[in-house]
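Just below is one structure, and these are the notes that go with it.
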Amino acid sequence: MSQRHLDSLFRPRSVAVIGASNRPKSIGSVVMRNLLRGGLPGPILPVNPRYKAVAGILAYPTVQSMPLAPDLAVVCTPPRTVPEFVQELGIKGARTVLIMSRDLNRHRDESGRTLQETVLGTARKHSMRILGPDCLGIIVPRAGLNASFGHTDITQGNIAFISQSDSLGIAVLDWAGSKGIGFSHFISLGDCSDIDFGDIIDYLRGDPHSTSILLYIESIKNARKFISAARSASRNKPLVVIKSGRLNQPADNTLFSREHPVSTDDIYDGVFRRAGMLRVFDLAELFDAVETMARDKPLRGDRLAILSNGGGPAMMARDILEDQGGRLAELSEQTKEELRQGLQDEFHELEPVRIIDHASSETYAQALEILIKDQNVDAVMVIHVPSAFTSSEDIAGAVINSLGRTRKNVITVWLGEKDTTQARRIFALAGIPTYETPDQAARLFMYMVRYRRNQELLMETPDTVPREFSPRPEEARAIVRNALEEDREHLSIAETNEVLSIYTIPMVTTRQAADAEEASLISRELGFPLALKISSPDVQDKKHAGALSLDLESSQDILKTARAMLARVEDSYPEANIEGFILQKMARSPTAHELTAGIVQDPDFGPVVYFGQGGTAGKAYKDVAVGLPPLNMTLAKELIQRTRISKLLEGHENRPAVDMQAVRLTLVQLSQLIIDLPEIKGVNIKTMLADANGVLVLDARISIAPARSSGEERLSIRPYPEYLEERAELPSGLKILLRPIRPEDERKHQEFVESLSAEDLRMRFMGYVHEFSHSQLAQLTQIDYDREMAFIACALENGDHKDTLGVVRCFFDPDNIRAEFAIVVSSALKGKGLGTMLMNKMIRYCRQRGLKELTGYVLRENEAMLALAEKLGFRKENDPDDPEISIVRLDLK
């Protein structure tokens, strides 16, 4: 993730326009006009040998003839000319190049490389950054920069918009202008050949003028970089996204493409949720969502009360709310009584709260005050239908005055157009979200609920994985490698069962037979009753093909049924590859639910885990959700809850609740399986039964292929780096484990911080710290291993990890050149060698990453830390901005 030269892109001191023109309606002419109208404070340098001046500005015949090296160069010339201009700009010393020219990936040079490849090679050689090609441009009103060929100016605001589509970008600029919506940044990415979503999101994450980031996405090229940047930015500001191409074909890039229900859009949906982003589905919702988040207080929960003077609009809002998975608040008995007694004749109904058509402003205010006090209410929607007997403006004023200092959210719906304009203006000035229709308000409320859930998921402390889950990856790896040596693309039934069993996924007893006679012999070993089915990758729906028979009670039944089944399948599927027969013990559970789960490979995001309803119903309803590995128990729970069948799993009528711990654990086990074994291409658990006693897999297949990259590299999110764990011993004889920090460490980390003396905390955080909130502890323990690393020292006792004794932490810059460290050890262990051990561990890791420098900021009075830094080879210098701080630096080269 590189931030190199992005300041030159967004705050250039000078801009060159290669291909600037006086020809009306040409791109070179429009770009020059927009740059001049934007008010850039620095020089604008048009380059075109045909003109002495462009738009009244002195022009230069060549790049080399320019009097200075531009921070930003805009190239709007024919594709064939672009590589030469980029070469000249590199020699001149330009830092960033914005390429508007199209089709560079369709044209090739004399060596056979595409023009885009040639441009990127040149840019790398000269350390330049490329935005585009096929790019509309960028606009930064606060910097006076409009380097685009857009047809309209934009108002300065606090929304950053990143678009992968020129045409949609132009439409958004026009639409936003008509609505008075302003932007801090507008960026068209084009082909994302170099600068992409991850780079821009990372830059905007730290921009104080961008309070929210909107994205229009067609595809993601660098999945890990995108997710890492989005997860980091989502902790600070809302990211709202539209993804095109929702109604696409199911993913077909695995063995199970005919069976698994996962589409590319399902995968993107899982990505956006994991990154803490809010997904919307049209432009109006995009800006409505941003406006609502900007004006709303942090949402306390999803229980919405509805107050309305019209029955129809209230019921419409309730229907949309419940259809979107929301909850109508269940009012307390005290609230119901207060509404009846307080409103008397003006009160009609409770769910939703319905008052008379011509209710006065006093009635609205009184009802709203009663609802806000109810602890069962998280937010209130106030609906007003115009009446000849009341004033919309007066009621709006009463609603605002009744809110007082409440921390609960109130959203308003003032129906109509002519008589409600002033009321809506009153709400806007008061910072209260207001909408034109109940369905719009209900949908936007549910967007806020989903955003809150995604944010909570980013910070939620995961449940601990049960101790009994301790897989043996080397055993599973041997099975897979043996199959690969035999040039097979999938494991046999027996191998599949063994691999899943190694990862403690319960499997029904299963055996495979080559023919009917062997099936009959095996059946006597298994016992009865048994299920029998044809083993063939070409017969998918075995039930309808007559390739499945249940409740067979004897070996003679097995022999007879197998022969008849084989004849039937050979007749119906003459081209099918028949591998033999599968025999399974009958699994009886009348209250069990049929589920499906597995792993598929996405070309952009790598392996993903899916879960949903199994059987015919699952195929009909396409009830499936997707999550990214690594999964923990909390993420697995959220993945399950996104399916419709999750409600039934909680218990329904005569069917008791299933063992949800077992279902969640199965998904975590699948996640760990794909992390450990990069040779596994896909897993399809076609049928998994779940009931109150646990889960049982009936039908599963595993596809394999030679690993093209390590387990970590092919994952979109870097998993816990277990290989960095290291056992050590202090001079005192205390045995410890040095390992990366994990999200599950939050409780022990809190205990560790609370055990530190006030003085040690002051030395570490350069100020007095009284306590840490959950969100602060989550940021310390739920780290992105691509962006930072924290090693903790744990005491070892009988092989178990006990208390945390110390921690060293490093934050890496986006270019992976420098890192900043911080360290603290238990007050009782200072001077015992633990600090040295932790620092050496971090120094070794930083060298392995290829970093060039390690830096720390230390209070001058922290003599112990300064002495440790000197012992380890750091050089000390004064902080020019703070006389109380010393800077220590270590050259890692």
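Chain labels A, B, ... are given in the sequence in which chains occur in the structure tokens; within each chain residues are numbered consecutively from 1, and ligands are likewise numbered from 1 in the order shown.
Taking only C-alpha atoms, the non-local environment of Gly182 in chain A within 12 Å (same-chain residues fewer than 6 positions away omitted) comprises Ile139, Val140, Pro141, Arg142, Asp153, Ile154, Thr155, Gln156, Gly157, Asn158, Ile159, Ala160, Phe161, Val172, Leu173, Asp174, Trp175, Ala176, His209, Ser210, Thr211, Ser212, Phe287, Val290 and Glu291 of chain A.
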Preceding selection exported with N, CA, C and O atoms as an mmCIF file, in the first residue's frame:
```cif
data_model
loop_
_atom_site.group_PDB
_atom_site.id
_atom_site.type_symbol
_atom_site.label_atom_id
_atom_site.label_comp_id
_atom_site.auth_asym_id
_atom_site.auth_seq_id
_atom_site.Cartn_x
_atom_site.Cartn_y
_atom_site.Cartn_z
ATOM 1 N N ILE A 139 -10.803 16.047 -8.930
ATOM 2 C CA ILE A 139 -11.197 17.398 -8.536
ATOM 3 C C ILE A 139 -11.026 17.495 -7.022
ATOM 4 O O ILE A 139 -11.549 16.656 -6.283
ATOM 5 N N VAL A 140 -10.291 18.495 -6.575
ATOM 6 C CA VAL A 140 -10.114 18.766 -5.146
ATOM 7 C C VAL A 140 -10.393 20.250 -4.931
ATOM 8 O O VAL A 140 -9.487 21.086 -5.051
ATOM 9 N N PRO A 141 -11.637 20.639 -4.648
ATOM 10 C CA PRO A 141 -11.990 22.069 -4.571
ATOM 11 C C PRO A 141 -11.139 22.851 -3.576
ATOM 12 O O PRO A 141 -10.752 23.984 -3.858
ATOM 13 N N ARG A 142 -10.826 22.250 -2.430
ATOM 14 C CA ARG A 142 -10.075 22.983 -1.413
ATOM 15 C C ARG A 142 -8.671 23.327 -1.902
ATOM 16 O O ARG A 142 -8.081 24.329 -1.488
ATOM 17 N N ASP A 153 -18.713 22.328 -12.572
ATOM 18 C CA ASP A 153 -17.931 22.548 -11.360
ATOM 19 C C ASP A 153 -18.610 21.837 -10.193
ATOM 20 O O ASP A 153 -19.784 21.489 -10.258
ATOM 21 N N ILE A 154 -17.857 21.647 -9.108
ATOM 22 C CA ILE A 154 -18.464 21.049 -7.924
ATOM 23 C C ILE A 154 -18.264 21.966 -6.728
ATOM 24 O O ILE A 154 -17.309 22.734 -6.664
ATOM 25 N N THR A 155 -19.198 21.853 -5.798
ATOM 26 C CA THR A 155 -19.145 22.651 -4.581
ATOM 27 C C THR A 155 -18.214 21.980 -3.572
ATOM 28 O O THR A 155 -18.140 20.758 -3.500
ATOM 29 N N GLN A 156 -17.526 22.789 -2.800
ATOM 30 C CA GLN A 156 -16.657 22.241 -1.757
ATOM 31 C C GLN A 156 -17.512 21.638 -0.656
ATOM 32 O O GLN A 156 -18.483 22.235 -0.191
ATOM 33 N N GLY A 157 -17.166 20.438 -0.230
ATOM 34 C CA GLY A 157 -17.908 19.760 0.829
ATOM 35 C C GLY A 157 -16.988 18.825 1.592
ATOM 36 O O GLY A 157 -15.766 18.947 1.532
ATOM 37 N N ASN A 158 -17.582 17.852 2.294
ATOM 38 C CA ASN A 158 -16.768 16.937 3.099
ATOM 39 C C ASN A 158 -16.970 15.479 2.709
ATOM 40 O O ASN A 158 -16.672 14.582 3.481
ATOM 41 N N ILE A 159 -17.484 15.244 1.497
ATOM 42 C CA ILE A 159 -17.668 13.885 0.987
ATOM 43 C C ILE A 159 -16.615 13.616 -0.074
ATOM 44 O O ILE A 159 -16.433 14.409 -0.995
ATOM 45 N N ALA A 160 -15.909 12.501 0.061
ATOM 46 C CA ALA A 160 -14.973 12.069 -0.976
ATOM 47 C C ALA A 160 -15.652 10.995 -1.813
ATOM 48 O O ALA A 160 -16.254 10.072 -1.268
ATOM 49 N N PHE A 161 -15.573 11.125 -3.125
ATOM 50 C CA PHE A 161 -16.221 10.165 -4.026
ATOM 51 C C PHE A 161 -15.170 9.557 -4.949
ATOM 52 O O PHE A 161 -14.445 10.278 -5.634
ATOM 53 N N VAL A 172 -22.873 11.622 -11.561
ATOM 54 C CA VAL A 172 -22.898 11.967 -10.138
ATOM 55 C C VAL A 172 -22.587 13.444 -9.944
ATOM 56 O O VAL A 172 -23.235 14.127 -9.137
ATOM 57 N N LEU A 173 -21.611 13.961 -10.666
ATOM 58 C CA LEU A 173 -21.283 15.382 -10.554
ATOM 59 C C LEU A 173 -22.477 16.254 -10.912
ATOM 60 O O LEU A 173 -22.787 17.237 -10.227
ATOM 61 N N ASP A 174 -23.164 15.883 -11.975
ATOM 62 C CA ASP A 174 -24.330 16.662 -12.411
ATOM 63 C C ASP A 174 -25.455 16.560 -11.392
ATOM 64 O O ASP A 174 -26.084 17.558 -11.022
ATOM 65 N N TRP A 175 -25.722 15.334 -10.925
ATOM 66 C CA TRP A 175 -26.809 15.093 -9.982
ATOM 67 C C TRP A 175 -26.544 15.796 -8.658
ATOM 68 O O TRP A 175 -27.421 16.436 -8.083
ATOM 69 N N ALA A 176 -25.300 15.675 -8.155
ATOM 70 C CA ALA A 176 -24.958 16.285 -6.879
ATOM 71 C C ALA A 176 -25.043 17.806 -6.958
ATOM 72 O O ALA A 176 -25.465 18.468 -5.998
ATOM 73 N N HIS A 209 -10.612 16.708 6.024
ATOM 74 C CA HIS A 209 -11.688 17.373 5.285
ATOM 75 C C HIS A 209 -12.662 16.376 4.645
ATOM 76 O O HIS A 209 -13.660 16.793 4.062
ATOM 77 N N SER A 210 -12.359 15.080 4.732
ATOM 78 C CA SER A 210 -13.246 14.054 4.180
ATOM 79 C C SER A 210 -13.860 13.277 5.341
ATOM 80 O O SER A 210 -13.204 12.431 5.955
ATOM 81 N N THR A 211 -15.118 13.572 5.653
ATOM 82 C CA THR A 211 -15.766 12.909 6.785
ATOM 83 C C THR A 211 -16.437 11.604 6.382
ATOM 84 O O THR A 211 -16.809 10.811 7.241
ATOM 85 N N SER A 212 -16.611 11.382 5.087
ATOM 86 C CA SER A 212 -17.150 10.116 4.599
ATOM 87 C C SER A 212 -16.598 9.860 3.204
ATOM 88 O O SER A 212 -16.202 10.788 2.495
ATOM 89 N N PHE A 287 -26.263 8.903 -1.398
ATOM 90 C CA PHE A 287 -26.155 10.210 -0.765
ATOM 91 C C PHE A 287 -27.087 10.343 0.436
ATOM 92 O O PHE A 287 -26.770 11.024 1.408
ATOM 93 N N VAL A 290 -25.254 8.833 3.367
ATOM 94 C CA VAL A 290 -24.211 9.719 3.884
ATOM 95 C C VAL A 290 -24.839 10.851 4.691
ATOM 96 O O VAL A 290 -24.374 11.200 5.783
ATOM 97 N N GLU A 291 -25.918 11.427 4.166
ATOM 98 C CA GLU A 291 -26.585 12.527 4.875
ATOM 99 C C GLU A 291 -27.117 12.047 6.216
ATOM 100 O O GLU A 291 -26.990 12.721 7.242
#
```
Which of range 72-314 of chain A fall in helix (DSSP H, G or I), as a count of residues only: 91
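Considering the residues A:Ser392, A:Leu649, A:Gln661, A:Ile356 and counting only C-alpha atoms, Val465 in chain A has its shortest atom-to-atom contact with A:Gln661.
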All strand (DSSP E or B) positions in range 670-744 of chain A, as number ranges by chain: A: 680-691, 694-704, 726-729, 735-740
Pick out the residues sitting within 8 Å of Asp891 in chain A, and hand them over as a PDB file with all heavy atoms, in the first residue's frame; count only C-alpha atoms, and ignore anything fewer than 3 positions along from it in its own chain.
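To be explicit, this is the file written out as out_0.pdb:
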```pdb
ATOM      1  N   LYS A 852      13.606  -0.470   6.328  1.00  0.00           N
ATOM      2  CA  LYS A 852      14.917   0.162   6.336  1.00  0.00           C
ATOM      3  C   LYS A 852      15.231   0.855   7.657  1.00  0.00           C
ATOM      4  O   LYS A 852      16.399   1.018   8.015  1.00  0.00           O
ATOM      5  CB  LYS A 852      15.014   1.179   5.188  1.00  0.00           C
ATOM      6  CG  LYS A 852      14.927   0.534   3.807  1.00  0.00           C
ATOM      7  CD  LYS A 852      15.023   1.574   2.708  1.00  0.00           C
ATOM      8  CE  LYS A 852      14.946   0.905   1.329  1.00  0.00           C
ATOM      9  NZ  LYS A 852      14.994   1.901   0.227  1.00  0.00           N
ATOM     10  N   GLU A 853      14.184   1.274   8.390  1.00  0.00           N
ATOM     11  CA  GLU A 853      14.454   2.030   9.606  1.00  0.00           C
ATOM     12  C   GLU A 853      13.365   1.769  10.632  1.00  0.00           C
ATOM     13  O   GLU A 853      12.180   1.685  10.299  1.00  0.00           O
ATOM     14  CB  GLU A 853      14.533   3.535   9.300  1.00  0.00           C
ATOM     15  CG  GLU A 853      14.913   4.381  10.501  1.00  0.00           C
ATOM     16  CD  GLU A 853      14.995   5.860  10.147  1.00  0.00           C
ATOM     17  OE1 GLU A 853      13.930   6.510  10.038  1.00  0.00           O
ATOM     18  OE2 GLU A 853      16.128   6.365   9.996  1.00  0.00           O
ATOM     19  N   LEU A 854      13.773   1.661  11.898  1.00  0.00           N
ATOM     20  CA  LEU A 854      12.861   1.500  13.024  1.00  0.00           C
ATOM     21  C   LEU A 854      13.015   2.719  13.917  1.00  0.00           C
ATOM     22  O   LEU A 854      14.143   3.085  14.300  1.00  0.00           O
ATOM     23  CB  LEU A 854      13.195   0.220  13.787  1.00  0.00           C
ATOM     24  CG  LEU A 854      12.258  -0.205  14.926  1.00  0.00           C
ATOM     25  CD1 LEU A 854      10.844  -0.402  14.420  1.00  0.00           C
ATOM     26  CD2 LEU A 854      12.778  -1.472  15.582  1.00  0.00           C
ATOM     27  N   PHE A 874      20.468   1.772  18.567  1.00  0.00           N
ATOM     28  CA  PHE A 874      19.718   2.946  18.108  1.00  0.00           C
ATOM     29  C   PHE A 874      20.558   4.203  18.297  1.00  0.00           C
ATOM     30  O   PHE A 874      21.337   4.306  19.266  1.00  0.00           O
ATOM     31  CB  PHE A 874      18.416   3.102  18.909  1.00  0.00           C
ATOM     32  CG  PHE A 874      17.333   2.115  18.554  1.00  0.00           C
ATOM     33  CD1 PHE A 874      17.360   0.815  19.036  1.00  0.00           C
ATOM     34  CD2 PHE A 874      16.270   2.503  17.748  1.00  0.00           C
ATOM     35  CE1 PHE A 874      16.357  -0.089  18.735  1.00  0.00           C
ATOM     36  CE2 PHE A 874      15.258   1.604  17.436  1.00  0.00           C
ATOM     37  CZ  PHE A 874      15.296   0.299  17.921  1.00  0.00           C
TER      38      PHE A 874
END
```
Tell me, as a compact mmCIF listing (two decimals) with all heavy atoms, in the first residue's frame, which residues lie within 7 Å of Asp691 in chain A, counting only C-alpha atoms; anything in the same chain fewer than 2 positions away does not count.
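So selection.txt came out as:
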```txt
# COMPACT_ATOMS: atom_id res chain seq x y z
N THR A 591 -35.62 -34.12 13.75
CA THR A 591 -35.66 -32.68 14.01
C THR A 591 -34.47 -31.94 13.40
O THR A 591 -34.32 -30.73 13.60
CB THR A 591 -35.67 -32.41 15.53
OG1 THR A 591 -34.47 -32.93 16.11
CG2 THR A 591 -36.88 -33.07 16.18
N ALA A 592 -33.62 -32.64 12.65
CA ALA A 592 -32.42 -32.01 12.09
C ALA A 592 -32.77 -31.11 10.91
O ALA A 592 -33.74 -31.36 10.17
CB ALA A 592 -31.42 -33.07 11.67
N HIS A 593 -31.96 -30.07 10.73
CA HIS A 593 -32.06 -29.19 9.57
C HIS A 593 -30.97 -29.57 8.57
O HIS A 593 -29.84 -29.88 8.97
CB HIS A 593 -31.88 -27.73 9.98
CG HIS A 593 -32.98 -27.19 10.83
ND1 HIS A 593 -34.10 -26.58 10.30
CD2 HIS A 593 -33.14 -27.20 12.18
CE1 HIS A 593 -34.90 -26.20 11.29
NE2 HIS A 593 -34.34 -26.56 12.44
N ALA A 657 -33.97 -25.97 19.21
CA ALA A 657 -32.84 -25.22 18.67
C ALA A 657 -31.67 -26.15 18.43
O ALA A 657 -31.45 -27.10 19.18
CB ALA A 657 -32.45 -24.10 19.62
N VAL A 658 -30.93 -25.89 17.37
CA VAL A 658 -29.76 -26.72 17.07
C VAL A 658 -28.59 -26.26 17.93
O VAL A 658 -28.61 -25.17 18.53
CB VAL A 658 -29.38 -26.65 15.57
CG1 VAL A 658 -30.57 -26.96 14.70
CG2 VAL A 658 -28.79 -25.29 15.22
N ASP A 659 -27.57 -27.07 17.99
CA ASP A 659 -26.34 -26.73 18.71
C ASP A 659 -25.56 -25.73 17.86
O ASP A 659 -24.75 -26.10 17.01
CB ASP A 659 -25.53 -28.01 18.94
CG ASP A 659 -24.25 -27.74 19.74
OD1 ASP A 659 -23.92 -26.57 19.97
OD2 ASP A 659 -23.57 -28.73 20.07
N LEU A 689 -26.29 -32.28 8.45
CA LEU A 689 -27.43 -32.26 9.36
C LEU A 689 -27.04 -31.56 10.65
O LEU A 689 -25.94 -31.77 11.18
CB LEU A 689 -27.90 -33.69 9.67
CG LEU A 689 -28.38 -34.52 8.48
CD1 LEU A 689 -28.86 -35.89 8.96
CD2 LEU A 689 -29.48 -33.81 7.70
N ASN A 693 -28.03 -32.00 19.09
CA ASN A 693 -26.88 -32.80 19.51
C ASN A 693 -25.59 -32.45 18.76
O ASN A 693 -24.54 -33.02 19.04
CB ASN A 693 -27.18 -34.29 19.32
CG ASN A 693 -28.35 -34.73 20.18
OD1 ASN A 693 -28.42 -34.38 21.35
ND2 ASN A 693 -29.28 -35.48 19.59
N GLY A 694 -25.68 -31.58 17.78
CA GLY A 694 -24.49 -31.20 17.03
C GLY A 694 -24.70 -31.26 15.54
O GLY A 694 -25.83 -31.14 15.05
N VAL A 695 -23.62 -31.46 14.78
CA VAL A 695 -23.70 -31.52 13.32
C VAL A 695 -23.12 -32.85 12.85
O VAL A 695 -22.30 -33.48 13.54
CB VAL A 695 -22.94 -30.35 12.65
CG1 VAL A 695 -23.50 -29.01 13.08
CG2 VAL A 695 -21.44 -30.42 12.95
```
Exercise: Asn146 in chain A partners within 10 Å, only C-alpha atoms, chain neighbours under 6 positions left out, as a list in words: Val31, Met32, Arg33, Asn34, Leu35, Leu36, Arg37, Gly38, Gly39, Leu40, Gly137, Ile138, Ile139, Val140, Asp153, Ile154, His185 and Phe186 of chain A
Gap from CA of Gln116 in chain A to CA of Arg102 in chain A - Å, one decimal: 10.0 Å
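With only C-alpha atoms as the atoms that count, the residue of A:Ile426, A:Leu737, A:Ile432, A:Leu339 with the shortest distance to Val382 in chain A is A:Ile432.
Minimum distance to Thr510 in chain A across A:Val410, A:Ala20, A:Met789, A:Leu698 (counting only C-alpha atoms) occurs at A:Leu698.
Among A:Ile411, A:Gln87, A:Ile320, A:Gly42, the residue with the shortest atom-to-atom distance to Gln64 in chain A, counting only C-alpha atoms, is A:Gln87.
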Within 8 Å of Val17 in chain A using only C-alpha atoms, minus same-chain residues under 5 positions, as number ranges by chain: A: 28, 31-32, 44-47, 73-76
Go ahead and dump the residues you just picked, C-alpha atoms, as a PDB file, in the first residue's frame.
```
ATOM      1  CA  GLY A  28      -7.146  19.088 -23.975  1.00  0.00           C
ATOM      2  CA  VAL A  31      -9.000  20.173 -19.110  1.00  0.00           C
ATOM      3  CA  MET A  32      -7.281  23.551 -19.535  1.00  0.00           C
ATOM      4  CA  ILE A  44      -0.272  25.513 -15.228  1.00  0.00           C
ATOM      5  CA  LEU A  45       2.001  24.352 -18.047  1.00  0.00           C
ATOM      6  CA  PRO A  46       0.304  23.469 -21.370  1.00  0.00           C
ATOM      7  CA  VAL A  47       2.455  21.315 -23.697  1.00  0.00           C
ATOM      8  CA  ALA A  73       1.103  15.865 -15.439  1.00  0.00           C
ATOM      9  CA  VAL A  74      -2.204  15.290 -17.234  1.00  0.00           C
ATOM     10  CA  VAL A  75      -1.836  13.312 -20.482  1.00  0.00           C
ATOM     11  CA  CYS A  76      -4.686  13.593 -22.992  1.00  0.00           C
TER      12      CYS A  76
END
```
Sort by chain and increasing residue number a table of all residues of range 257-360 of chain A within 7 Å of range 619-629 of chain A, each with its closest pair of atoms and their distance in Å to one decimal, counting only C-alpha atoms, and write it as CSV.
```
residue,atom,partner,partner_atom,distance
A:Pro261,CA,A:Lys622,CA,6.3
A:Asp266,CA,A:Val626,CA,6.1
A:Ile267,CA,A:Val626,CA,5.8
A:Gly270,CA,A:Gly627,CA,5.2
A:Val271,CA,A:Leu628,CA,6.9
```
Write the residues of the selection above to a file with N, CA, C and O atoms, as a short mmCIF file (atom, residue, chain, number, x, y, z; two decimals), in the first residue's frame.
```cif
data_model
loop_
_atom_site.label_atom_id
_atom_site.label_comp_id
_atom_site.auth_asym_id
_atom_site.auth_seq_id
_atom_site.Cartn_x
_atom_site.Cartn_y
_atom_site.Cartn_z
N PRO A 261 -24.12 -22.62 -4.35
CA PRO A 261 -25.03 -21.52 -4.68
C PRO A 261 -24.39 -20.15 -4.65
O PRO A 261 -25.09 -19.15 -4.57
N ASP A 266 -22.43 -12.36 -4.05
CA ASP A 266 -22.43 -12.85 -2.66
C ASP A 266 -21.06 -12.62 -2.03
O ASP A 266 -20.95 -12.24 -0.86
N ILE A 267 -20.01 -12.85 -2.81
CA ILE A 267 -18.65 -12.69 -2.31
C ILE A 267 -18.36 -11.22 -2.01
O ILE A 267 -17.83 -10.88 -0.95
N GLY A 270 -20.01 -10.18 1.19
CA GLY A 270 -19.24 -10.61 2.35
C GLY A 270 -18.01 -9.76 2.58
O GLY A 270 -17.65 -9.45 3.73
N VAL A 271 -17.36 -9.34 1.50
CA VAL A 271 -16.18 -8.48 1.61
C VAL A 271 -16.54 -7.15 2.24
O VAL A 271 -15.87 -6.67 3.16
#
```
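Among the candidates A:Val824, A:Leu635, A:Val753, A:Met448, the residue lying nearest to Phe772 in chain A is A:Val753 (atoms considered: only C-alpha atoms).
Once Glu218 in chain A and its same-chain neighbours fewer than 4 positions away are set aside, A:Ile162, A:Ser163, A:Gln164, A:Ser165, A:Asp166, A:Leu168, A:Leu189, A:Gly190, A:Asp191, A:Cys192, A:Phe197, A:Val241, A:Ile242, A:Lys243, A:Ser244, A:Gly245, A:Arg246, A:Thr264, A:Asp265, A:Tyr268 remain within 12 Å of it when counting only C-alpha atoms.
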From A:Pro678, A:Ala516, A:Asn684, A:Lys871, residue lying nearest Ala597 in chain A [only C-alpha atoms]: A:Asn684
